[in-house]
file upload09.pdb (PDB, C-alpha atoms)
ATOM      1  CA  MET A   1      -7.753   5.599  24.385  1.00  0.00           C
ATOM      2  CA  ILE A   2      -6.579   5.903  20.775  1.00  0.00           C
ATOM      3  CA  VAL A   3      -3.012   6.998  20.163  1.00  0.00           C
ATOM      4  CA  THR A   4      -2.061   8.160  16.672  1.00  0.00           C
ATOM      5  CA  TYR A   5       1.474   8.309  15.321  1.00  0.00           C
ATOM      6  CA  THR A   6       2.732   9.684  12.043  1.00  0.00           C
ATOM      7  CA  LEU A   7       5.792   7.840  10.824  1.00  0.00           C
ATOM      8  CA  GLU A   8       8.032   9.273   8.177  1.00  0.00           C
ATOM      9  CA  PRO A   9       8.680   6.857   5.299  1.00  0.00           C
ATOM     10  CA  ASN A  10      12.039   5.095   5.334  1.00  0.00           C
ATOM     11  CA  THR A  11      12.766   6.172   8.918  1.00  0.00           C
ATOM     12  CA  PRO A  12      14.003   3.242  10.999  1.00  0.00           C
ATOM     13  CA  LEU A  13      11.969   2.350  14.049  1.00  0.00           C
ATOM     14  CA  THR A  14      13.437   3.356  17.394  1.00  0.00           C
ATOM     15  CA  PRO A  15      14.299   0.673  19.947  1.00  0.00           C
ATOM     16  CA  GLU A  16      11.299   1.857  21.981  1.00  0.00           C
ATOM     17  CA  GLN A  17       8.964   1.396  18.998  1.00  0.00           C
ATOM     18  CA  ILE A  18      10.340  -2.070  18.330  1.00  0.00           C
ATOM     19  CA  ALA A  19       9.859  -3.025  22.005  1.00  0.00           C
ATOM     20  CA  GLU A  20       6.276  -1.711  21.910  1.00  0.00           C
ATOM     21  CA  LEU A  21       5.471  -3.760  18.809  1.00  0.00           C
ATOM     22  CA  ASP A  22       7.093  -6.857  20.313  1.00  0.00           C
ATOM     23  CA  ALA A  23       4.961  -6.451  23.443  1.00  0.00           C
ATOM     24  CA  LEU A  24       1.773  -6.220  21.351  1.00  0.00           C
ATOM     25  CA  LYS A  25       2.356  -9.052  18.885  1.00  0.00           C
ATOM     26  CA  ASP A  26       0.953 -11.776  21.155  1.00  0.00           C
ATOM     27  CA  ARG A  27      -2.124  -9.837  22.283  1.00  0.00           C
ATOM     28  CA  PRO A  28      -5.420 -10.830  20.694  1.00  0.00           C
ATOM     29  CA  ILE A  29      -7.336  -8.501  18.417  1.00  0.00           C
ATOM     30  CA  VAL A  30     -10.479  -7.335  20.201  1.00  0.00           C
ATOM     31  CA  TYR A  31     -13.402  -6.362  17.988  1.00  0.00           C
ATOM     32  CA  ASP A  32     -16.443  -4.376  19.095  1.00  0.00           C
ATOM     33  CA  GLU A  33     -19.407  -2.604  17.487  1.00  0.00           C
ATOM     34  CA  ASP A  34     -17.238   0.399  16.599  1.00  0.00           C
ATOM     35  CA  CYS A  35     -14.506  -1.765  15.091  1.00  0.00           C
ATOM     36  CA  PRO A  36     -15.933  -4.998  13.718  1.00  0.00           C
ATOM     37  CA  PRO A  37     -13.866  -7.487  11.738  1.00  0.00           C
ATOM     38  CA  LEU A  38     -13.737  -6.843   8.012  1.00  0.00           C
ATOM     39  CA  THR A  39     -16.084  -8.801   5.820  1.00  0.00           C
ATOM     40  CA  PRO A  40     -14.717 -10.052   2.488  1.00  0.00           C
ATOM     41  CA  GLU A  41     -16.687  -7.269   0.768  1.00  0.00           C
ATOM     42  CA  SER A  42     -15.376  -4.500   3.027  1.00  0.00           C
ATOM     43  CA  TYR A  43     -11.836  -5.874   2.705  1.00  0.00           C
ATOM     44  CA  ALA A  44     -12.132  -5.800  -1.094  1.00  0.00           C
ATOM     45  CA  GLY A  45     -13.356  -2.191  -0.948  1.00  0.00           C
ATOM     46  CA  PHE A  46     -10.500  -1.260   1.356  1.00  0.00           C
ATOM     47  CA  MET A  47      -7.970  -2.843  -0.988  1.00  0.00           C
ATOM     48  CA  ARG A  48      -9.459  -0.979  -3.980  1.00  0.00           C
ATOM     49  CA  SER A  49      -8.991   2.265  -2.022  1.00  0.00           C
ATOM     50  CA  VAL A  50      -5.376   1.375  -1.220  1.00  0.00           C
ATOM     51  CA  VAL A  51      -4.611   0.547  -4.851  1.00  0.00           C
ATOM     52  CA  GLU A  52      -6.218   3.806  -6.013  1.00  0.00           C
ATOM     53  CA  ARG A  53      -4.297   5.841  -3.416  1.00  0.00           C
ATOM     54  CA  ASN A  54      -1.016   4.203  -4.421  1.00  0.00           C
ATOM     55  CA  ARG A  55      -1.738   4.778  -8.113  1.00  0.00           C
ATOM     56  CA  ARG A  56      -2.541   8.443  -7.471  1.00  0.00           C
ATOM     57  CA  GLN A  57       0.615   8.930  -5.391  1.00  0.00           C
ATOM     58  CA  LEU A  58       2.740   7.306  -8.083  1.00  0.00           C
ATOM     59  CA  LEU A  59       1.263   9.552 -10.780  1.00  0.00           C
ATOM     60  CA  GLU A  60       1.816  12.639  -8.615  1.00  0.00           C
ATOM     61  CA  ARG A  61       5.416  11.608  -7.939  1.00  0.00           C
ATOM     62  CA  GLU A  62       6.060  10.986 -11.649  1.00  0.00           C
ATOM     63  CA  ALA A  63       4.543  14.359 -12.570  1.00  0.00           C
ATOM     64  CA  ALA A  64       6.717  16.123  -9.976  1.00  0.00           C
ATOM     65  CA  GLU A  65       9.831  14.363 -11.302  1.00  0.00           C
ATOM     66  CA  LYS A  66       8.984  15.348 -14.898  1.00  0.00           C
ATOM     67  CA  GLU A  67       8.445  18.929 -13.808  1.00  0.00           C
ATOM     68  CA  GLN A  68      11.734  18.942 -11.894  1.00  0.00           C
ATOM     69  CA  ASN A  69      13.628  17.432 -14.850  1.00  0.00           C
ATOM     70  CA  ALA A  70      12.075  19.961 -17.237  1.00  0.00           C
ATOM     71  CA  SER A  71      13.473  22.857 -15.167  1.00  0.00           C
TER      72      SER A  71
END

call {"tool": "encode", "arguments": {"input": "upload09.pdb", "output": "structure tokens"}}
result
Amino acid sequence: MIVTYTLEPNTPLTPEQIAELDALKDRPIVYDEDCPPLTPESYAGFMRSVVERNRRQLLEREAAEKEQNAS
């Protein structure tokens, strides 16, 4: 079963979330055919996507700030 959470940025974790993470930290990562380990090439592609997303978000944030300051 996959459980998805959406966390708000800069919101502190609840004690329950911290306990859940503490309980999971010593469990091994289990890979399968649907979720294989990343190869160096796939990791590099993933990191390029992360950098591009962060760059785009920064530009959008800067544009919104300029628009807000111009008002």

call {"tool": "atom_distance", "arguments": {"input": "upload09.pdb", "atom1": "atom CA of A:Tyr5", "atom2": "atom CA of A:Lys25"}}
result
17.7 Å

call {"tool": "atom_distance", "arguments": {"input": "upload09.pdb", "atom1": "atom CA of A:Leu59", "atom2": "atom CA of A:Tyr43"}}
result
24.3 Å

call {"tool": "atom_distance", "arguments": {"input": "upload09.pdb", "atom1": "atom CA of A:Glu8", "atom2": "atom CA of A:Cys35"}}
result
26.0 Å

call {"tool": "axis_aligned_box", "arguments": {"input": "upload09.pdb", "around": "stretch 37-49 of chain A", "padding_each_side": "8 Å", "output": "lines of an AutoDock Vina configuration file"}}
result
center_x = -12.3
center_y = -3.9
center_z = 3.9
size_x = 24.7
size_y = 28.3
size_z = 31.7
